[in-house]
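**Q** Contents of upload04.cif (mmCIF, C-alpha atoms) are below:
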```
data_data
loop_
_atom_site.group_PDB
_atom_site.id
_atom_site.type_symbol
_atom_site.label_atom_id
_atom_site.label_comp_id
_atom_site.auth_asym_id
_atom_site.auth_seq_id
_atom_site.Cartn_x
_atom_site.Cartn_y
_atom_site.Cartn_z
ATOM 1 C CA MET A 1 -14.587 1.011 -67.869
ATOM 2 C CA ALA A 2 -14.311 0.254 -71.562
ATOM 3 C CA ASP A 3 -16.643 -2.740 -71.048
ATOM 4 C CA ARG A 4 -19.401 -0.500 -69.708
ATOM 5 C CA TRP A 5 -18.988 2.000 -72.522
ATOM 6 C CA LEU A 6 -19.031 -0.779 -75.101
ATOM 7 C CA LYS A 7 -22.102 -2.353 -73.523
ATOM 8 C CA THR A 8 -23.874 1.032 -73.351
ATOM 9 C CA ASN A 9 -23.126 1.788 -76.998
ATOM 10 C CA CYS A 10 -24.265 -1.697 -78.089
ATOM 11 C CA LEU A 11 -27.526 -1.318 -76.154
ATOM 12 C CA LEU A 12 -28.089 2.098 -77.722
ATOM 13 C CA ALA A 13 -27.476 0.717 -81.231
ATOM 14 C CA SER A 14 -29.738 -2.273 -80.537
ATOM 15 C CA ALA A 15 -32.574 -0.078 -79.230
ATOM 16 C CA ALA A 16 -32.307 2.174 -82.275
ATOM 17 C CA ALA A 17 -32.139 -0.798 -84.690
ATOM 18 C CA PHE A 18 -35.162 -2.533 -83.143
ATOM 19 C CA TRP A 19 -37.129 0.726 -83.165
ATOM 20 C CA LEU A 20 -36.315 1.340 -86.813
ATOM 21 C CA ALA A 21 -37.146 -2.299 -87.639
ATOM 22 C CA ALA A 22 -40.563 -1.812 -86.044
ATOM 23 C CA LEU A 23 -41.149 1.256 -88.220
ATOM 24 C CA SER A 24 -40.292 -0.618 -91.417
ATOM 25 C CA PRO A 25 -42.965 -2.485 -93.463
ATOM 26 C CA VAL A 26 -42.975 -5.810 -91.619
ATOM 27 C CA PRO A 27 -45.864 -7.981 -90.442
ATOM 28 C CA PRO A 28 -47.603 -6.877 -87.211
ATOM 29 C CA ILE A 29 -46.095 -9.713 -85.164
ATOM 30 C CA ALA A 30 -42.564 -8.604 -86.194
ATOM 31 C CA LYS A 31 -43.456 -5.007 -85.271
ATOM 32 C CA GLY A 32 -44.585 -6.159 -81.819
ATOM 33 C CA ILE A 33 -41.424 -8.162 -81.272
ATOM 34 C CA SER A 34 -39.241 -5.257 -82.513
ATOM 35 C CA TYR A 35 -41.014 -2.752 -80.216
ATOM 36 C CA SER A 36 -40.652 -5.170 -77.278
ATOM 37 C CA LEU A 37 -36.951 -5.725 -77.930
ATOM 38 C CA ALA A 38 -36.406 -1.958 -78.409
ATOM 39 C CA LEU A 39 -38.114 -1.325 -75.058
ATOM 40 C CA VAL A 40 -36.026 -3.989 -73.276
ATOM 41 C CA ALA A 41 -32.813 -2.601 -74.816
ATOM 42 C CA ALA A 42 -33.787 0.949 -73.751
ATOM 43 C CA VAL A 43 -34.458 -0.161 -70.149
ATOM 44 C CA GLN A 44 -31.132 -2.023 -70.071
ATOM 45 C CA LEU A 45 -29.458 1.084 -71.565
ATOM 46 C CA VAL A 46 -30.822 3.279 -68.757
ATOM 47 C CA GLN A 47 -29.638 0.861 -66.058
ATOM 48 C CA GLU A 48 -26.190 0.538 -67.613
ATOM 49 C CA SER A 49 -25.959 4.319 -68.020
ATOM 50 C CA LYS A 50 -26.672 4.765 -64.296
ATOM 51 C CA ARG A 51 -23.886 2.322 -63.440
ATOM 52 C CA LEU A 52 -21.562 4.115 -65.844
ATOM 53 C CA MET A 53 -22.341 7.523 -64.309
ATOM 54 C CA ILE A 54 -21.781 6.198 -60.778
ATOM 55 C CA GLN A 55 -18.492 4.604 -61.798
ATOM 56 C CA SER A 56 -17.382 7.802 -63.517
ATOM 57 C CA ALA A 57 -18.353 9.911 -60.499
ATOM 58 C CA ARG A 58 -16.440 7.601 -58.150
ATOM 59 C CA ARG A 59 -13.368 7.764 -60.343
ATOM 60 C CA THR A 60 -13.580 11.580 -60.435
ATOM 61 C CA VAL A 61 -14.028 11.801 -56.661
ATOM 62 C CA LEU A 62 -11.079 9.477 -56.054
ATOM 63 C CA SER A 63 -8.916 11.492 -58.421
ATOM 64 C CA VAL A 64 -9.862 14.762 -56.666
ATOM 65 C CA MET A 65 -9.217 13.193 -53.253
ATOM 66 C CA ASN A 66 -5.813 11.924 -54.374
ATOM 67 C CA GLN A 67 -4.940 15.375 -55.743
ATOM 68 C CA GLU A 68 -6.018 16.970 -52.454
ATOM 69 C CA LEU A 69 -3.877 14.495 -50.506
ATOM 70 C CA GLU A 70 -0.892 15.306 -52.720
ATOM 71 C CA ASP A 71 -1.454 19.041 -52.173
ATOM 72 C CA ILE A 72 -1.656 18.553 -48.402
ATOM 73 C CA GLU A 73 1.478 16.426 -48.457
ATOM 74 C CA ILE A 74 3.327 19.130 -50.396
ATOM 75 C CA ALA A 75 2.091 21.817 -47.988
ATOM 76 C CA LEU A 76 3.173 19.811 -44.937
ATOM 77 C CA HIS A 77 6.552 19.110 -46.492
ATOM 78 C CA THR A 78 7.005 22.815 -47.277
ATOM 79 C CA GLN A 79 6.006 23.790 -43.736
ATOM 80 C CA GLN A 80 8.485 21.293 -42.291
ATOM 81 C CA GLN A 81 11.237 22.703 -44.492
ATOM 82 C CA GLU A 82 10.399 26.251 -43.408
ATOM 83 C CA GLU A 83 10.497 25.228 -39.747
ATOM 84 C CA ALA A 84 13.839 23.521 -40.285
ATOM 85 C CA LEU A 85 15.217 26.665 -41.933
ATOM 86 C CA HIS A 86 13.967 28.788 -39.039
ATOM 87 C CA GLU A 87 15.708 26.426 -36.612
ATOM 88 C CA ILE A 88 18.939 26.471 -38.633
ATOM 89 C CA TYR A 89 19.095 30.249 -38.950
ATOM 90 C CA GLY A 90 17.760 30.910 -35.465
ATOM 91 C CA THR A 91 14.819 32.962 -36.623
ATOM 92 C CA SER A 92 11.245 32.519 -35.631
ATOM 93 C CA PRO A 93 8.243 33.796 -37.495
ATOM 94 C CA ALA A 94 6.825 35.749 -34.561
ATOM 95 C CA THR A 95 3.306 36.435 -35.618
ATOM 96 C CA TYR A 96 0.447 36.980 -33.284
ATOM 97 C CA PRO A 97 -3.269 36.836 -33.919
ATOM 98 C CA THR A 98 -4.804 40.271 -34.361
ATOM 99 C CA GLU A 99 -6.489 40.099 -30.947
ATOM 100 C CA VAL A 100 -3.200 39.411 -29.153
ATOM 101 C CA GLU A 101 -1.386 42.062 -31.158
ATOM 102 C CA GLN A 102 -4.068 44.634 -30.333
ATOM 103 C CA GLU A 103 -3.914 43.662 -26.654
ATOM 104 C CA LEU A 104 -0.130 44.106 -26.619
ATOM 105 C CA LYS A 105 -0.419 47.510 -28.259
ATOM 106 C CA THR A 106 -3.164 48.634 -25.877
ATOM 107 C CA SER A 107 -1.270 47.510 -22.775
ATOM 108 C CA LEU A 108 1.923 49.156 -24.007
ATOM 109 C CA GLU A 109 0.126 52.414 -24.742
ATOM 110 C CA HIS A 110 -1.519 52.293 -21.324
ATOM 111 C CA LEU A 111 1.812 51.758 -19.599
ATOM 112 C CA TYR A 112 3.415 54.567 -21.569
ATOM 113 C CA LYS A 113 0.621 57.098 -21.101
ATOM 114 C CA GLU A 114 0.335 56.485 -17.373
ATOM 115 C CA PRO A 115 0.680 59.808 -15.494
ATOM 116 C CA SER A 116 3.337 58.424 -13.134
ATOM 117 C CA ALA A 117 5.750 57.942 -16.038
ATOM 118 C CA ASP A 118 8.409 60.600 -16.412
ATOM 119 C CA ARG A 119 9.506 60.572 -20.025
ATOM 120 C CA SER A 120 12.334 63.077 -19.667
ATOM 121 C CA SER A 121 14.712 60.705 -17.892
ATOM 122 C CA GLU A 122 14.048 57.148 -16.746
ATOM 123 C CA LEU A 123 10.621 55.628 -16.358
ATOM 124 C CA GLN A 124 9.482 56.040 -12.756
ATOM 125 C CA THR A 125 7.210 53.024 -12.411
ATOM 126 C CA SER A 126 7.097 49.915 -10.280
ATOM 127 C CA THR A 127 9.162 46.857 -11.172
ATOM 128 C CA SER A 128 6.144 44.837 -12.368
ATOM 129 C CA GLU A 129 5.018 47.685 -14.639
ATOM 130 C CA LYS A 130 8.546 48.075 -16.012
ATOM 131 C CA LYS A 131 8.680 44.348 -16.696
ATOM 132 C CA ALA A 132 5.290 44.428 -18.413
ATOM 133 C CA LEU A 133 6.391 47.421 -20.492
ATOM 134 C CA TYR A 134 9.634 45.689 -21.458
ATOM 135 C CA LEU A 135 7.878 42.453 -22.452
ATOM 136 C CA ALA A 136 5.230 44.306 -24.458
ATOM 137 C CA VAL A 137 7.853 46.436 -26.258
ATOM 138 C CA LYS A 138 9.984 43.357 -26.972
ATOM 139 C CA SER A 139 6.994 41.461 -28.405
ATOM 140 C CA LEU A 140 5.874 44.355 -30.578
ATOM 141 C CA ILE A 141 9.403 44.893 -31.904
ATOM 142 C CA GLU A 142 9.544 41.215 -32.929
ATOM 143 C CA VAL A 143 6.193 41.411 -34.673
ATOM 144 C CA LYS A 144 5.953 44.947 -36.067
ATOM 145 C CA GLY A 145 9.467 46.311 -35.819
ATOM 146 C CA LYS A 146 11.224 49.170 -34.094
ATOM 147 C CA THR A 147 9.719 51.881 -36.312
ATOM 148 C CA TYR A 148 6.179 50.815 -35.453
ATOM 149 C CA VAL A 149 6.870 50.985 -31.702
ATOM 150 C CA LEU A 150 8.493 54.415 -31.977
ATOM 151 C CA GLU A 151 5.819 55.963 -34.198
ATOM 152 C CA LYS A 152 2.595 54.302 -33.109
ATOM 153 C CA VAL A 153 3.144 53.347 -29.478
ATOM 154 C CA LEU A 154 5.637 55.824 -28.068
ATOM 155 C CA GLN A 155 4.452 58.460 -30.565
ATOM 156 C CA LEU A 156 7.946 59.873 -30.888
ATOM 157 C CA GLY A 157 8.440 59.821 -34.638
ATOM 158 C CA GLY A 158 9.619 62.575 -36.908
ATOM 159 C CA GLY A 159 11.589 65.277 -35.053
ATOM 160 C CA GLN A 160 11.571 63.288 -31.813
ATOM 161 C CA TRP A 161 13.079 60.191 -33.387
ATOM 162 C CA GLU A 162 16.349 60.268 -31.412
ATOM 163 C CA LYS A 163 14.495 60.861 -28.151
ATOM 164 C CA GLY A 164 12.278 57.854 -28.948
ATOM 165 C CA GLU A 165 15.282 55.674 -29.772
ATOM 166 C CA GLN A 166 16.947 56.645 -26.498
ATOM 167 C CA MET A 167 13.784 55.848 -24.554
ATOM 168 C CA LEU A 168 13.395 52.521 -26.353
ATOM 169 C CA GLN A 169 17.043 51.690 -25.718
ATOM 170 C CA GLN A 170 16.575 52.470 -21.996
ATOM 171 C CA ILE A 171 13.598 50.140 -21.795
ATOM 172 C CA LEU A 172 15.428 47.310 -23.594
ATOM 173 C CA GLU A 173 18.652 47.723 -21.596
ATOM 174 C CA GLU A 174 16.819 47.719 -18.279
ATOM 175 C CA GLY A 175 14.905 44.569 -19.246
ATOM 176 C CA GLU A 176 18.073 42.777 -20.300
ATOM 177 C CA ARG A 177 19.909 43.979 -17.201
ATOM 178 C CA ASN A 178 17.166 42.568 -14.969
ATOM 179 C CA GLY A 179 16.900 39.356 -16.975
ATOM 180 C CA TRP A 180 13.267 39.747 -17.960
#
```
Once more with this new file: its structure as structure tokens, please.
**A**
Amino acid sequence: MADRWLKTNCLLASAAAFWLAALSPVPPIAKGISYSLALVAAVQLVQESKRLMIQSARRTVLSVMNQELEDIEIALHTQQQEEALHEIYGTSPATYPTEVEQELKTSLEHLYKEPSADRSSELQTSTSEKKALYLAVKSLIEVKGKTYVLEKVLQLGGGQWEKGEQMLQQILEEGERNGW
């Protein structure tokens, strides 16, 4: 790298010196030679400058690529550590894409608002609907939490909080009892 810079600077100095020599009071043949040498040095300077720019660009690109690889390696290492911690502590980051989450909420609301459901005591629905309700409630509790299910899905927040908790507990107990 230093060789190219040194060569470029020498060519620049030579071109300037020959140009200035041509402008000085010298015989016409010396002026012609000086102009010719200044022109040759300038052409060589342009070619060497192109090589220098390409070399500099390559070095910059390689440095950026290496930095990106280091960042990716750090991110992968961090992700592996997080997964190991989740395995150790028995937790799982249960996150769903927004489409899946919306689908779970919609199906749970549909199951809850179905006219055949009696909300005063137990849910009077078929076994497959009860299982679907249990699985949807369980998934939403993992993702959004118990409060979200009570307020947004069962719509039993505020003064009906205890009633909602009892209903939620019934759903969860029945699912666990049946091994769903």
**Q** What's the 7 Å shell around segment 21-25 of chain A, counting only C-alpha atoms, without same-chain residues fewer than 3 positions away, as a list in words?
**A**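 What passes the distance filter is Ala17, Phe18, Lys31, Ser34 and Tyr35 of chain A.
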**Q** Taking all atoms listed in the file into account, name the residue in A:Pro97, A:Glu151, A:Trp180, A:Thr106 that is nearest to Tyr134 of chain A.
**A**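 For Tyr134 of chain A, the nearest of the given residues is A:Trp180.
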**Q** Please indicate the distance in Å from atom CA of Ser107 of chain A to atom CA of Arg177 of chain A, rounded to one decimal place.
**A**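 Result for atom CA of Ser107 of chain A versus atom CA of Arg177 of chain A: 22.2 Å, one decimal.
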**Q** Which residue gives the smallest distance to Met167 of chain A among A:Gly145, A:Glu83, A:Val137, A:Lys105, with only C-alpha atoms counted?
**A** A:Val137
**Q** Measuring between all atoms listed in the file, which one of A:Gly175, A:Ser63, A:Pro28, A:Leu37 shows the shortest distance to Ser14 of chain A?
**A**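 Counting all atoms listed in the file, the residue closest to Ser14 of chain A is A:Leu37.
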**Q** Mind giving me the axis-aligned box for segment 133-150 of chain A with 5 Å on every side, centre plus edges in Å to one decimal, as AutoDock Vina command-line options?
**A**
```
--center_x 8.2 --center_y 47.8 --center_z -28.4 --size_x 16.0 --size_y 23.2 --size_z 25.8
```
**Q** At what distance in Å, to one decimal, does atom CA of Met53 of chain A lie from atom CA of Ala38 of chain A?
**A**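 Between these atoms lies a distance of 22.1 Å.
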**Q** Just checking: using all atoms listed in the file, which residue out of A:Trp19, A:Leu154, A:Gln47, A:Tyr112 ends up closest to Lys7 of chain A?
**A**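 Closest candidate: A:Gln47.
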**Q** Can you list what the PyMOL selection byres ((chain A and resi 146) around 12) grabs from this structure, as a ChimeraX atom specification?
**A** /A:137-145,147-154,156-157,161,164-165,167-169,172
**Q** Between atom CA of Cys10 of chain A and atom CA of Gln55 of chain A, what is the distance in Å, rounded to a tenth?
**A**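 If I compute the distance from atom CA of Cys10 of chain A to atom CA of Gln55 of chain A, I get 18.4 Å.
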**Q** Got a minute to add N, CA, C and O atoms to segment 58-75 of chain A and dump it as a compact mmCIF listing (two decimals), in the frame of the given file?
**A**
```txt
# COMPACT_ATOMS: atom_id res chain seq x y z
N ARG A 58 -17.37 8.14 -59.14
CA ARG A 58 -16.44 7.60 -58.15
C ARG A 58 -14.99 7.83 -58.57
O ARG A 58 -14.15 8.20 -57.76
N ARG A 59 -14.72 7.58 -59.84
CA ARG A 59 -13.37 7.76 -60.34
C ARG A 59 -12.95 9.24 -60.22
O ARG A 59 -11.84 9.55 -59.83
N THR A 60 -13.87 10.15 -60.54
CA THR A 60 -13.58 11.58 -60.44
C THR A 60 -13.33 11.98 -58.98
O THR A 60 -12.39 12.71 -58.68
N VAL A 61 -14.18 11.48 -58.08
CA VAL A 61 -14.03 11.80 -56.66
C VAL A 61 -12.70 11.26 -56.14
O VAL A 61 -11.98 11.97 -55.42
N LEU A 62 -12.35 10.04 -56.50
CA LEU A 62 -11.08 9.48 -56.05
C LEU A 62 -9.90 10.27 -56.60
O LEU A 62 -8.91 10.51 -55.90
N SER A 63 -9.99 10.70 -57.83
CA SER A 63 -8.92 11.49 -58.42
C SER A 63 -8.77 12.84 -57.72
O SER A 63 -7.66 13.28 -57.43
N VAL A 64 -9.90 13.48 -57.39
CA VAL A 64 -9.86 14.76 -56.67
C VAL A 64 -9.31 14.56 -55.26
O VAL A 64 -8.50 15.36 -54.78
N MET A 65 -9.73 13.48 -54.60
CA MET A 65 -9.22 13.19 -53.25
C MET A 65 -7.71 12.94 -53.28
O MET A 65 -6.98 13.43 -52.42
N ASN A 66 -7.25 12.19 -54.26
CA ASN A 66 -5.81 11.92 -54.37
C ASN A 66 -5.04 13.21 -54.63
O ASN A 66 -3.97 13.43 -54.07
N GLN A 67 -5.59 14.09 -55.47
CA GLN A 67 -4.94 15.38 -55.74
C GLN A 67 -4.89 16.22 -54.48
O GLN A 67 -3.88 16.85 -54.18
N GLU A 68 -5.98 16.21 -53.71
CA GLU A 68 -6.02 16.97 -52.45
C GLU A 68 -4.99 16.42 -51.46
O GLU A 68 -4.31 17.18 -50.79
N LEU A 69 -4.87 15.10 -51.38
CA LEU A 69 -3.88 14.50 -50.51
C LEU A 69 -2.46 14.87 -50.93
O LEU A 69 -1.61 15.15 -50.08
N GLU A 70 -2.21 14.90 -52.23
CA GLU A 70 -0.89 15.31 -52.72
C GLU A 70 -0.62 16.76 -52.37
O GLU A 70 0.49 17.11 -51.96
N ASP A 71 -1.62 17.63 -52.52
CA ASP A 71 -1.45 19.04 -52.17
C ASP A 71 -1.16 19.21 -50.68
O ASP A 71 -0.30 20.02 -50.30
N ILE A 72 -1.87 18.47 -49.84
CA ILE A 72 -1.66 18.55 -48.40
C ILE A 72 -0.26 18.05 -48.06
O ILE A 72 0.44 18.64 -47.23
N GLU A 73 0.14 16.97 -48.71
CA GLU A 73 1.48 16.43 -48.46
C GLU A 73 2.56 17.43 -48.84
O GLU A 73 3.52 17.64 -48.10
N ILE A 74 2.37 18.11 -49.96
CA ILE A 74 3.33 19.13 -50.40
C ILE A 74 3.34 20.29 -49.40
O ILE A 74 4.40 20.79 -49.04
N ALA A 75 2.17 20.71 -48.94
CA ALA A 75 2.09 21.82 -47.99
C ALA A 75 2.77 21.45 -46.68
O ALA A 75 3.50 22.27 -46.10
```
